[in-house]
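Shown below: protein-v6.pdb, with PDB, C-alpha atoms.
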ATOM      1  CA  MET D   1     111.736  86.479 126.121
ATOM      2  CA  PHE D   2     110.155  86.672 122.685
ATOM      3  CA  LYS D   3     113.487  85.941 121.008
ATOM      4  CA  ASP D   4     111.670  83.928 118.302
ATOM      5  CA  LEU D   5     109.343  86.762 117.377
ATOM      6  CA  ASP D   6     110.251  88.710 114.248
ATOM      7  CA  PRO D   7     111.622  92.064 115.543
ATOM      8  CA  ILE D   8     110.283  93.881 112.468
ATOM      9  CA  LEU D   9     106.719  92.876 113.350
ATOM     10  CA  HIS D  10     107.101  92.924 117.122
ATOM     11  CA  SER D  11     106.352  96.634 117.412
ATOM     12  CA  GLN D  12     102.875  97.971 118.085
ATOM     13  CA  LEU D  13     102.549 100.238 115.068
ATOM     14  CA  ARG D  14     104.292  97.996 112.517
ATOM     15  CA  LEU D  15     102.182  95.053 113.680
ATOM     16  CA  ALA D  16      99.024  97.181 113.396
ATOM     17  CA  VAL D  17      99.934  98.199 109.822
ATOM     18  CA  ILE D  18     100.569  94.600 108.747
ATOM     19  CA  SER D  19      97.383  93.409 110.495
ATOM     20  CA  LEU D  20      95.374  96.039 108.591
ATOM     21  CA  LEU D  21      96.982  95.198 105.249
ATOM     22  CA  ILE D  22      96.589  91.410 105.655
ATOM     23  CA  GLY D  23      92.802  91.768 105.260
ATOM     24  CA  VAL D  24      92.674  94.175 102.310
ATOM     25  CA  ARG D  25      94.001  94.307  98.770
ATOM     26  CA  GLU D  26      95.553  97.749  99.302
ATOM     27  CA  ALA D  27      95.093 100.817 101.504
ATOM     28  CA  GLU D  28      95.954 104.494 101.318
ATOM     29  CA  PHE D  29      98.375 106.010 103.823
ATOM     30  CA  THR D  30      95.540 108.220 105.152
ATOM     31  CA  PHE D  31      93.371 105.143 105.813
ATOM     32  CA  ILE D  32      96.162 103.454 107.803
ATOM     33  CA  LYS D  33      96.817 106.670 109.733
ATOM     34  CA  GLU D  34      93.105 107.012 110.581
ATOM     35  CA  LYS D  35      92.756 103.400 111.748
ATOM     36  CA  THR D  36      95.962 103.260 113.797
ATOM     37  CA  ASN D  37      95.682 106.777 115.268
ATOM     38  CA  ALA D  38      99.413 107.142 114.582
ATOM     39  CA  THR D  39     101.142 110.424 113.778
ATOM     40  CA  ALA D  40     102.049 110.899 110.107
ATOM     41  CA  GLY D  41     105.774 111.132 110.888
ATOM     42  CA  ASN D  42     105.940 107.972 112.978
ATOM     43  CA  LEU D  43     103.765 106.059 110.517
ATOM     44  CA  SER D  44     106.022 107.087 107.606
ATOM     45  CA  VAL D  45     109.102 105.813 109.441
ATOM     46  CA  GLN D  46     107.475 102.482 110.332
ATOM     47  CA  ILE D  47     106.062 101.983 106.822
ATOM     48  CA  ASN D  48     109.546 102.574 105.466
ATOM     49  CA  LYS D  49     110.961  99.886 107.791
ATOM     50  CA  LEU D  50     108.319  97.411 106.607
ATOM     51  CA  LYS D  51     109.112  98.314 103.005
ATOM     52  CA  GLU D  52     112.864  97.851 103.532
ATOM     53  CA  ALA D  53     112.169  94.424 105.049
ATOM     54  CA  GLY D  54     110.224  93.547 101.879
ATOM     55  CA  TYR D  55     106.995  93.016 103.835
ATOM     56  CA  ILE D  56     104.969  95.679 102.032
ATOM     57  CA  GLU D  57     104.962  97.467  98.688
ATOM     58  CA  VAL D  58     104.566 101.228  98.674
ATOM     59  CA  ILE D  59     103.217 102.932  95.568
ATOM     60  CA  LYS D  60     103.424 106.716  95.298
ATOM     61  CA  GLN D  61     101.212 108.304  92.674
ATOM     62  CA  PHE D  62      98.952 111.271  91.970
ATOM     63  CA  LYS D  63      95.165 111.174  92.264
ATOM     64  CA  GLU D  64      93.334 114.252  90.973
ATOM     65  CA  ASN D  65      96.516 116.340  91.350
ATOM     66  CA  TYR D  66      97.078 115.259  94.963
ATOM     67  CA  PRO D  67      99.914 112.941  95.997
ATOM     68  CA  GLN D  68      98.692 109.539  97.134
ATOM     69  CA  THR D  69     100.598 106.763  98.905
ATOM     70  CA  ILE D  70      99.203 103.252  98.604
ATOM     71  CA  CYS D  71     100.448 100.302 100.651
ATOM     72  CA  LYS D  72      99.909  96.616 100.030
ATOM     73  CA  ILE D  73     101.260  93.562 101.767
ATOM     74  CA  SER D  74     103.761  91.390  99.842
ATOM     75  CA  LYS D  75     104.086  87.604  99.764
ATOM     76  CA  ALA D  76     107.063  87.897 102.149
ATOM     77  CA  GLY D  77     104.874  90.037 104.444
ATOM     78  CA  ILE D  78     102.097  87.424 104.500
ATOM     79  CA  ASP D  79     104.625  84.666 105.286
ATOM     80  CA  ALA D  80     106.233  86.752 108.046
ATOM     81  CA  PHE D  81     102.823  87.568 109.563
ATOM     82  CA  GLU D  82     101.821  83.892 109.572
ATOM     83  CA  LYS D  83     105.103  82.917 111.245
ATOM     84  CA  TYR D  84     104.662  85.708 113.785
ATOM     85  CA  VAL D  85     101.115  84.593 114.692
ATOM     86  CA  ASN D  86     102.253  80.954 114.996
ATOM     87  CA  ALA D  87     105.089  82.003 117.301
ATOM     88  CA  LEU D  88     102.672  84.121 119.360
ATOM     89  CA  GLU D  89     100.364  81.148 119.822
ATOM     90  CA  SER D  90     103.182  79.176 121.463
ATOM     91  CA  TYR D  91     103.628  81.975 124.020
ATOM     92  CA  VAL D  92      99.923  82.368 124.732
ATOM     93  CA  LYS D  93      99.056  78.655 124.975
ATOM     94  CA  PRO D  94      99.458  77.193 128.459
ATOM     95  CA  SER D  95     102.488  74.863 128.660
ATOM     96  CA  GLY D  96     101.836  71.177 128.033
ATOM     97  CA  GLN D  97      99.255  71.820 125.265
TER
ATOM     98  CA  MET J   1      95.557  98.305 126.185
ATOM     99  CA  GLN J   2      93.349 100.837 124.384
ATOM    100  CA  VAL J   3      94.435 100.321 120.812
ATOM    101  CA  GLU J   4      91.612 102.458 119.438
ATOM    102  CA  GLU J   5      92.190 105.512 121.554
ATOM    103  CA  ASN J   6      95.915 105.765 122.140
ATOM    104  CA  THR J   7      98.391 107.007 119.624
ATOM    105  CA  MET J   8     100.440 104.009 118.587
ATOM    106  CA  GLU J   9     104.102 104.165 119.352
ATOM    107  CA  ASN J  10     106.812 101.548 119.302
ATOM    108  CA  GLU J  11     106.500 100.238 122.822
ATOM    109  CA  PRO J  12     107.502  96.680 123.698
ATOM    110  CA  LEU J  13     104.553  94.298 123.474
ATOM    111  CA  SER J  14     103.514  91.260 125.432
ATOM    112  CA  ALA J  15     102.115  88.303 123.485
ATOM    113  CA  ARG J  16      98.564  89.131 124.578
ATOM    114  CA  GLU J  17      98.996  92.780 123.609
ATOM    115  CA  SER J  18     100.211  91.677 120.169
ATOM    116  CA  LEU J  19      97.095  89.556 119.711
ATOM    117  CA  LEU J  20      94.934  92.505 120.792
ATOM    118  CA  VAL J  21      96.566  94.746 118.178
ATOM    119  CA  ILE J  22      95.990  92.120 115.466
ATOM    120  CA  GLN J  23      92.360  91.543 116.521
ATOM    121  CA  SER J  24      91.617  95.265 116.712
ATOM    122  CA  MET J  25      93.026  96.007 113.234
ATOM    123  CA  ILE J  26      91.252  93.073 111.594
ATOM    124  CA  ASP J  27      87.957  94.255 113.183
ATOM    125  CA  LYS J  28      88.497  97.710 111.710
ATOM    126  CA  THR J  29      88.692  96.389 108.156
ATOM    127  CA  LYS J  30      85.474  94.401 108.699
ATOM    128  CA  THR J  31      83.406  97.575 109.158
ATOM    129  CA  GLN J  32      84.225  98.601 105.565
ATOM    130  CA  LEU J  33      81.704  96.044 104.322
ATOM    131  CA  GLY J  34      78.532  97.619 105.652
ATOM    132  CA  ASN J  35      78.483 100.277 102.919
ATOM    133  CA  ASN J  36      76.989  97.608 100.677
ATOM    134  CA  SER J  37      73.648  97.953 102.492
ATOM    135  CA  ILE J  38      72.798 101.099 100.508
ATOM    136  CA  TYR J  39      72.572  99.106  97.252
ATOM    137  CA  PHE J  40      70.402  96.403  98.813
ATOM    138  CA  LEU J  41      68.059  99.048 100.262
ATOM    139  CA  LEU J  42      67.903 101.178  97.103
ATOM    140  CA  TRP J  43      67.198  98.265  94.754
ATOM    141  CA  GLY J  44      65.066  96.527  97.358
ATOM    142  CA  TRP J  45      62.682  99.468  97.687
ATOM    143  CA  LEU J  46      62.668 100.214  93.940
ATOM    144  CA  VAL J  47      61.807  96.642  92.932
ATOM    145  CA  PHE J  48      59.332  96.258  95.817
ATOM    146  CA  ILE J  49      57.496  99.463  94.816
ATOM    147  CA  ALA J  50      57.619  98.533  91.103
ATOM    148  CA  CYS J  51      56.051  95.125  91.884
ATOM    149  CA  LEU J  52      53.207  96.625  93.909
ATOM    150  CA  LEU J  53      52.685  99.381  91.309
ATOM    151  CA  GLN J  54      52.517  96.873  88.448
ATOM    152  CA  TYR J  55      50.108  94.694  90.426
ATOM    153  CA  PHE J  56      47.931  97.761  91.164
ATOM    154  CA  LEU J  57      47.967  98.891  87.505
ATOM    155  CA  MET J  58      47.261  95.366  86.228
ATOM    156  CA  VAL J  59      44.704  94.061  88.724
ATOM    157  CA  VAL J  60      43.003  97.140  90.216
ATOM    158  CA  VAL J  61      43.190  99.759  87.431
ATOM    159  CA  GLN J  62      43.431  97.157  84.621
ATOM    160  CA  TYR J  63      45.767  99.438  82.712
ATOM    161  CA  GLU J  64      47.079  97.852  79.522
ATOM    162  CA  HIS J  65      50.656  99.139  79.862
ATOM    163  CA  HIS J  66      51.127  97.950  83.445
ATOM    164  CA  SER J  67      54.760  97.013  82.751
ATOM    165  CA  TYR J  68      55.576 100.757  82.644
ATOM    166  CA  ALA J  69      55.901 100.408  86.418
ATOM    167  CA  TRP J  70      59.390  98.987  85.751
ATOM    168  CA  SER J  71      60.587 102.270  84.248
ATOM    169  CA  THR J  72      61.348 103.195  87.898
ATOM    170  CA  MET J  73      64.439 100.956  87.541
ATOM    171  CA  LEU J  74      66.072 103.806  85.626
ATOM    172  CA  ILE J  75      66.307 105.729  88.924
ATOM    173  CA  GLY J  76      68.305 102.847  90.409
ATOM    174  CA  VAL J  77      70.636 102.599  87.427
ATOM    175  CA  ILE J  78      71.419 106.350  87.470
ATOM    176  CA  PHE J  79      71.819 106.470  91.274
ATOM    177  CA  SER J  80      74.033 103.355  91.329
ATOM    178  CA  ILE J  81      76.349 104.703  88.602
ATOM    179  CA  VAL J  82      76.669 108.141  90.267
ATOM    180  CA  TYR J  83      77.034 106.752  93.803
ATOM    181  CA  SER J  84      79.601 104.093  92.844
ATOM    182  CA  ALA J  85      81.661 106.653  90.882
ATOM    183  CA  ARG J  86      81.630 109.005  93.883
ATOM    184  CA  THR J  87      82.556 106.324  96.432
ATOM    185  CA  LYS J  88      85.279 104.991  94.125
ATOM    186  CA  ARG J  89      86.835 108.480  94.049
ATOM    187  CA  GLU J  90      86.654 108.802  97.840
ATOM    188  CA  ARG J  91      87.652 105.210  98.617
ATOM    189  CA  LYS J  92      90.827 104.871 100.665
ATOM    190  CA  VAL J  93      90.966 101.103 100.802
ATOM    191  CA  LYS J  94      90.329  98.238  98.393
ATOM    192  CA  THR J  95      89.101  95.034  99.978
ATOM    193  CA  TYR J  96      88.891  91.584  98.399
ATOM    194  CA  ALA J  97      85.259  91.371  99.491
ATOM    195  CA  GLY J  98      84.445  94.775  97.962
ATOM    196  CA  GLU J  99      85.973  93.787  94.627
ATOM    197  CA  SER J 100      84.137  90.448  94.633
ATOM    198  CA  MET J 101      80.831  92.188  95.401
ATOM    199  CA  GLY J 102      81.442  94.694  92.593
ATOM    200  CA  ALA J 103      82.174  91.965  90.049
ATOM    201  CA  LEU J 104      79.225  89.821  91.189
ATOM    202  CA  TRP J 105      76.591  92.567  91.012
ATOM    203  CA  THR J 106      77.944  94.118  87.815
ATOM    204  CA  GLY J 107      77.697  90.673  86.225
ATOM    205  CA  LEU J 108      74.196  90.102  87.576
ATOM    206  CA  GLY J 109      73.106  93.610  86.557
ATOM    207  CA  ILE J 110      74.171  92.846  82.987
ATOM    208  CA  SER J 111      72.309  89.517  83.222
ATOM    209  CA  PHE J 112      69.101  91.297  84.384
ATOM    210  CA  PHE J 113      69.436  93.681  81.435
ATOM    211  CA  THR J 114      70.288  90.953  78.883
ATOM    212  CA  LEU J 115      67.384  88.832  80.086
ATOM    213  CA  CYS J 116      64.972  91.583  78.989
ATOM    214  CA  PHE J 117      66.068  91.063  75.355
ATOM    215  CA  ILE J 118      65.771  87.261  75.650
ATOM    216  CA  LEU J 119      62.286  87.525  77.201
ATOM    217  CA  MET J 120      61.188  89.903  74.429
ATOM    218  CA  GLN J 121      61.812  86.978  72.073
ATOM    219  CA  VAL J 122      60.530  84.040  74.129
ATOM    220  CA  GLY J 123      57.747  85.765  76.070
ATOM    221  CA  TRP J 124      57.358  87.205  79.578
ATOM    222  CA  GLN J 125      55.139  84.477  81.040
ATOM    223  CA  TYR J 126      57.840  83.115  83.352
ATOM    224  CA  ALA J 127      59.972  86.242  83.654
ATOM    225  CA  PHE J 128      59.456  86.635  87.402
ATOM    226  CA  PRO J 129      60.609  83.144  88.515
ATOM    227  CA  ILE J 130      63.791  83.652  86.460
ATOM    228  CA  TYR J 131      64.390  87.087  88.019
ATOM    229  CA  ILE J 132      63.766  85.670  91.518
ATOM    230  CA  LEU J 133      66.339  82.970  90.713
ATOM    231  CA  LEU J 134      68.905  85.677  89.895
ATOM    232  CA  TYR J 135      68.068  87.538  93.158
ATOM    233  CA  ALA J 136      68.594  84.250  95.020
ATOM    234  CA  THR J 137      71.985  83.647  93.400
ATOM    235  CA  GLY J 138      73.257  87.200  94.002
ATOM    236  CA  THR J 139      72.021  87.383  97.567
ATOM    237  CA  PHE J 140      73.311  83.945  98.553
ATOM    238  CA  ILE J 141      76.799  84.592  97.131
ATOM    239  CA  SER J 142      76.859  88.084  98.724
ATOM    240  CA  GLY J 143      76.059  86.479 102.081
ATOM    241  CA  GLY J 144      79.049  84.184 101.592
ATOM    242  CA  ILE J 145      81.394  87.034 100.614
ATOM    243  CA  LEU J 146      80.282  89.300 103.487
ATOM    244  CA  LYS J 147      79.941  86.351 105.893
ATOM    245  CA  PHE J 148      76.423  87.600 106.668
ATOM    246  CA  ARG J 149      73.926  84.819 107.266
ATOM    247  CA  PRO J 150      70.662  86.817 106.769
ATOM    248  CA  LEU J 151      71.635  87.327 103.105
ATOM    249  CA  GLN J 152      72.201  83.601 102.669
ATOM    250  CA  ILE J 153      68.870  82.806 104.320
ATOM    251  CA  GLY J 154      67.210  85.415 102.047
ATOM    252  CA  GLY J 155      68.804  83.714  99.037
ATOM    253  CA  ALA J 156      67.523  80.306 100.140
ATOM    254  CA  ILE J 157      63.975  81.694 100.602
ATOM    255  CA  CYS J 158      64.179  83.125  97.064
ATOM    256  CA  TRP J 159      64.972  79.716  95.608
ATOM    257  CA  ALA J 160      61.771  78.370  97.176
ATOM    258  CA  LEU J 161      59.811  81.419  95.975
ATOM    259  CA  ALA J 162      61.212  81.003  92.425
ATOM    260  CA  VAL J 163      59.818  77.453  92.294
ATOM    261  CA  GLY J 164      56.521  78.577  93.859
ATOM    262  CA  ALA J 165      56.155  81.487  91.422
ATOM    263  CA  SER J 166      56.380  79.168  88.414
ATOM    264  CA  TYR J 167      53.166  77.432  89.580
ATOM    265  CA  VAL J 168      50.997  80.575  89.881
ATOM    266  CA  SER J 169      49.413  83.086  87.489
ATOM    267  CA  TYR J 170      51.431  85.981  86.060
ATOM    268  CA  GLN J 171      49.779  88.529  88.357
ATOM    269  CA  ASN J 172      50.523  86.420  91.434
ATOM    270  CA  GLN J 173      54.116  86.002  90.260
ATOM    271  CA  ILE J 174      54.422  89.753  90.807
ATOM    272  CA  LEU J 175      53.490  89.311  94.487
ATOM    273  CA  PHE J 176      55.977  86.427  94.804
ATOM    274  CA  THR J 177      58.644  88.790  93.450
ATOM    275  CA  ALA J 178      57.701  91.461  96.006
ATOM    276  CA  ALA J 179      58.040  88.823  98.755
ATOM    277  CA  ALA J 180      61.382  87.656  97.311
ATOM    278  CA  ILE J 181      62.785  91.165  97.348
ATOM    279  CA  LEU J 182      61.556  91.672 100.919
ATOM    280  CA  PHE J 183      63.426  88.571 102.144
ATOM    281  CA  SER J 184      66.530  88.888  99.982
ATOM    282  CA  TYR J 185      67.207  92.652  99.804
ATOM    283  CA  LEU J 186      65.156  94.676 102.284
ATOM    284  CA  ILE J 187      65.313  92.681 105.538
ATOM    285  CA  PRO J 188      69.012  91.669 105.138
ATOM    286  CA  GLY J 189      69.802  95.212 103.888
ATOM    287  CA  TYR J 190      68.456  96.799 107.082
ATOM    288  CA  LEU J 191      70.157  94.148 109.252
ATOM    289  CA  LEU J 192      73.459  94.861 107.468
ATOM    290  CA  LYS J 193      72.977  98.592 107.981
ATOM    291  CA  TYR J 194      72.297  98.154 111.723
ATOM    292  CA  ARG J 195      75.239  95.775 112.114
ATOM    293  CA  THR J 196      77.538  98.392 110.585
ATOM    294  CA  ALA J 197      76.099 101.164 112.760
ATOM    295  CA  ALA J 198      76.613  99.016 115.868
ATOM    296  CA  SER J 199      80.209  98.151 114.993
ATOM    297  CA  ASN J 200      81.253 101.760 114.232
TER
END

Write the structure described by the file as structure tokens, please.
Amino acid sequence: MFKDLDPILHSQLRLAVISLLIGVREAEFTFIKEKTNATAGNLSVQINKLKEAGYIEVIKQFKENYPQTICKISKAGIDAFEKYVNALESYVKPSGQ
Amino acid sequence: MQVEENTMENEPLSARESLLVIQSMIDKTKTQLGNNSIYFLLWGWLVFIACLLQYFLMVVVQYEHHSYAWSTMLIGVIFSIVYSARTKRERKVKTYAGESMGALWTGLGISFFTLCFILMQVGWQYAFPIYILLYATGTFISGGILKFRPLQIGGAICWALAVGASYVSYQNQILFTAAAILFSYLIPGYLLKYRTAASN
């Protein structure tokens, strides 16, 4: 089951991160952590997986002497999310429609 | 599945659970938009009070320099600059809607300011209908960006008031402007504020 769903996105936290980023231009790591209620460690690992897949860009910089991590969705990420949602629809729709 | 309360891990998802995660996250970015209500309320009250003050000075007191009432706008300019600088520093997310709103109102703010110099040359007789027209444009477009119908309705009412104001005396134009600001800034501003409070 769900063999057509992208395994990178078919994980609760990674899907939540992409769903947050799809609606914004960019978001800080702390914002994503706050909205997903994830632990910093787990979120870091999942963000890294999304980055390695090319679905998000991660920018590390300093803001007023504090390190800041900014994430934004890439074109490949948008395409993957659209494909994922289309595939989901086929599972949710009753057969014959 | 309680997406909001549980710590997210990497559990297997059903299709419906996936849709719930997507819906929940998209809803969370929507609540970022309500912060705009502070600008509508600040400028709404300032312009509303300035209109009534000018009308009082002009009609009741018959004070020659009744336009001094508009010096209260300086409070709004200073507050807006300080508040936007502070929120920009604290902002953790940039939204497309937020950036569009910033560009729209910065542009309109410059237009309000520039218009003062034009009106100094051509005369202030029809200043208020032109200002109401700018309120209508800004409010209507904001309603489209924020997908908030009361702002669009407020904008539409302002277009009618702008036409109406051009047919009345200068002192009555002031009251038309007060009404315009009530429908385009104050009422939608409070509705936006309550919508944000309800969704948080």

Test item: chain D residues at most 6 Å from chain J, counting all atoms listed in the file, as an MDAnalysis selection string: chainID D and resid 11:13 16 19:20 24:28 31 37:38 88

The PyMOL selection byres ((chain D and resi 68) around 9) resolved against shown file, as a PyMOL selection string: chain D and resi 28-30+59-63+66-67+69-70

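Across the structure, atom CA of Ala76 of chain D and atom CA of Tyr55 of chain D are spaced 5.4 Å apart.
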
Name the residues in contact with Asp4 of chain D at a cut-off of 10 Å, using all atoms listed in the file, excluding same-chain residues fewer than 4 positions from it; report them as a JSON list (two decimals) with C-alpha atoms, in the frame of the given file.
[["chain", "number", "residue", "atom", "x", "y", "z"],
["D", 83, "LYS", "CA", 105.10, 82.92, 111.24],
["D", 84, "TYR", "CA", 104.66, 85.71, 113.78],
["D", 87, "ALA", "CA", 105.09, 82.00, 117.30],
["D", 88, "LEU", "CA", 102.67, 84.12, 119.36]]

For atom CA of Ala165 of chain J and atom CA of Leu134 of chain J, the interatomic separation in Å (one decimal):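 According to the coordinates, atom CA of Ala165 of chain J and atom CA of Leu134 of chain J are separated by 13.5 Å.
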
Residues selected by the PyMOL selection byres ((chain D and resi 18) around 8), written as an NGL selection string: :D and (9 or 14-17 or 19-22 or 73 or 77 or 81)

Selection under test: the PyMOL selection byres ((chain J and resi 107-123) around 12); residues as number ranges by chain: J: 43, 70, 73-74, 76-77, 80-81, 100-106, 124-128, 130-139, 141-142, 170

Would you export the selected residues with C-alpha atoms as a PDB file, in the frame of the given file, please?
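Dumped everything to part23.pdb:
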ATOM      1  CA  TRP J  43      67.198  98.265  94.754  1.00  0.00           C
ATOM      2  CA  TRP J  70      59.390  98.987  85.751  1.00  0.00           C
ATOM      3  CA  MET J  73      64.439 100.956  87.541  1.00  0.00           C
ATOM      4  CA  LEU J  74      66.072 103.806  85.626  1.00  0.00           C
ATOM      5  CA  GLY J  76      68.305 102.847  90.409  1.00  0.00           C
ATOM      6  CA  VAL J  77      70.636 102.599  87.427  1.00  0.00           C
ATOM      7  CA  SER J  80      74.033 103.355  91.329  1.00  0.00           C
ATOM      8  CA  ILE J  81      76.349 104.703  88.602  1.00  0.00           C
ATOM      9  CA  SER J 100      84.137  90.448  94.633  1.00  0.00           C
ATOM     10  CA  MET J 101      80.831  92.188  95.401  1.00  0.00           C
ATOM     11  CA  GLY J 102      81.442  94.694  92.593  1.00  0.00           C
ATOM     12  CA  ALA J 103      82.174  91.965  90.049  1.00  0.00           C
ATOM     13  CA  LEU J 104      79.225  89.821  91.189  1.00  0.00           C
ATOM     14  CA  TRP J 105      76.591  92.567  91.012  1.00  0.00           C
ATOM     15  CA  THR J 106      77.944  94.118  87.815  1.00  0.00           C
ATOM     16  CA  TRP J 124      57.358  87.205  79.578  1.00  0.00           C
ATOM     17  CA  GLN J 125      55.139  84.477  81.040  1.00  0.00           C
ATOM     18  CA  TYR J 126      57.840  83.115  83.352  1.00  0.00           C
ATOM     19  CA  ALA J 127      59.972  86.242  83.654  1.00  0.00           C
ATOM     20  CA  PHE J 128      59.456  86.635  87.402  1.00  0.00           C
ATOM     21  CA  ILE J 130      63.791  83.652  86.460  1.00  0.00           C
ATOM     22  CA  TYR J 131      64.390  87.087  88.019  1.00  0.00           C
ATOM     23  CA  ILE J 132      63.766  85.670  91.518  1.00  0.00           C
ATOM     24  CA  LEU J 133      66.339  82.970  90.713  1.00  0.00           C
ATOM     25  CA  LEU J 134      68.905  85.677  89.895  1.00  0.00           C
ATOM     26  CA  TYR J 135      68.068  87.538  93.158  1.00  0.00           C
ATOM     27  CA  ALA J 136      68.594  84.250  95.020  1.00  0.00           C
ATOM     28  CA  THR J 137      71.985  83.647  93.400  1.00  0.00           C
ATOM     29  CA  GLY J 138      73.257  87.200  94.002  1.00  0.00           C
ATOM     30  CA  THR J 139      72.021  87.383  97.567  1.00  0.00           C
ATOM     31  CA  ILE J 141      76.799  84.592  97.131  1.00  0.00           C
ATOM     32  CA  SER J 142      76.859  88.084  98.724  1.00  0.00           C
ATOM     33  CA  TYR J 170      51.431  85.981  86.060  1.00  0.00           C
TER      34      TYR J 170
END

Shell of 7 Å around Gln152 of chain J, all atoms listed in the file, local chain residues under 5 positions omitted, as a list in words: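 In the requested form, the answer reads Thr139, Phe140, Gly143 and Gly144 of chain J.
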
Between atom CA of Val60 of chain J and atom CA of Leu41 of chain J, distance in Å (one decimal):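 Atom CA of Leu41 of chain J lies at a distance of 27.1 Å from atom CA of Val60 of chain J.
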
Missing atoms in segment 17-29 of chain D: can you complete it with N, CA, C and O atoms, as a compact mmCIF listing (two decimals), keeping the file's coordinate frame?
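part35.txt, freshly written:
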# COMPACT_ATOMS: atom_id res chain seq x y z
N VAL D 17 99.96 97.94 111.27
CA VAL D 17 99.93 98.20 109.82
C VAL D 17 99.81 96.88 109.06
O VAL D 17 98.95 96.73 108.18
N ILE D 18 100.62 95.90 109.44
CA ILE D 18 100.57 94.60 108.75
C ILE D 18 99.22 93.93 108.97
O ILE D 18 98.64 93.34 108.06
N SER D 19 98.68 94.04 110.19
CA SER D 19 97.38 93.41 110.50
C SER D 19 96.25 94.05 109.69
O SER D 19 95.30 93.38 109.31
N LEU D 20 96.37 95.36 109.44
CA LEU D 20 95.37 96.04 108.59
C LEU D 20 95.51 95.56 107.15
O LEU D 20 94.52 95.24 106.50
N LEU D 21 96.75 95.51 106.67
CA LEU D 21 96.98 95.20 105.25
C LEU D 21 96.71 93.73 104.92
O LEU D 21 96.42 93.41 103.78
N ILE D 22 96.80 92.85 105.91
CA ILE D 22 96.59 91.41 105.66
C ILE D 22 95.15 91.16 105.18
O ILE D 22 94.89 90.22 104.43
N GLY D 23 94.21 92.02 105.60
CA GLY D 23 92.80 91.77 105.26
C GLY D 23 92.29 92.54 104.06
O GLY D 23 91.12 92.42 103.71
N VAL D 24 93.14 93.36 103.45
CA VAL D 24 92.67 94.18 102.31
C VAL D 24 93.61 94.02 101.12
O VAL D 24 94.74 93.55 101.27
N ARG D 25 93.13 94.40 99.95
CA ARG D 25 94.00 94.31 98.77
C ARG D 25 95.06 95.41 98.82
O ARG D 25 96.24 95.18 98.60
N GLU D 26 94.62 96.63 99.14
CA GLU D 26 95.55 97.75 99.30
C GLU D 26 94.88 98.86 100.08
O GLU D 26 93.64 98.92 100.16
N ALA D 27 95.67 99.73 100.71
CA ALA D 27 95.09 100.82 101.50
C ALA D 27 95.94 102.08 101.36
O ALA D 27 97.16 102.00 101.22
N GLU D 28 95.25 103.21 101.38
CA GLU D 28 95.95 104.49 101.32
C GLU D 28 96.60 104.80 102.66
O GLU D 28 96.09 104.38 103.71
N PHE D 29 97.67 105.59 102.61
CA PHE D 29 98.38 106.01 103.82
C PHE D 29 97.38 106.67 104.81
O PHE D 29 97.42 106.39 106.01
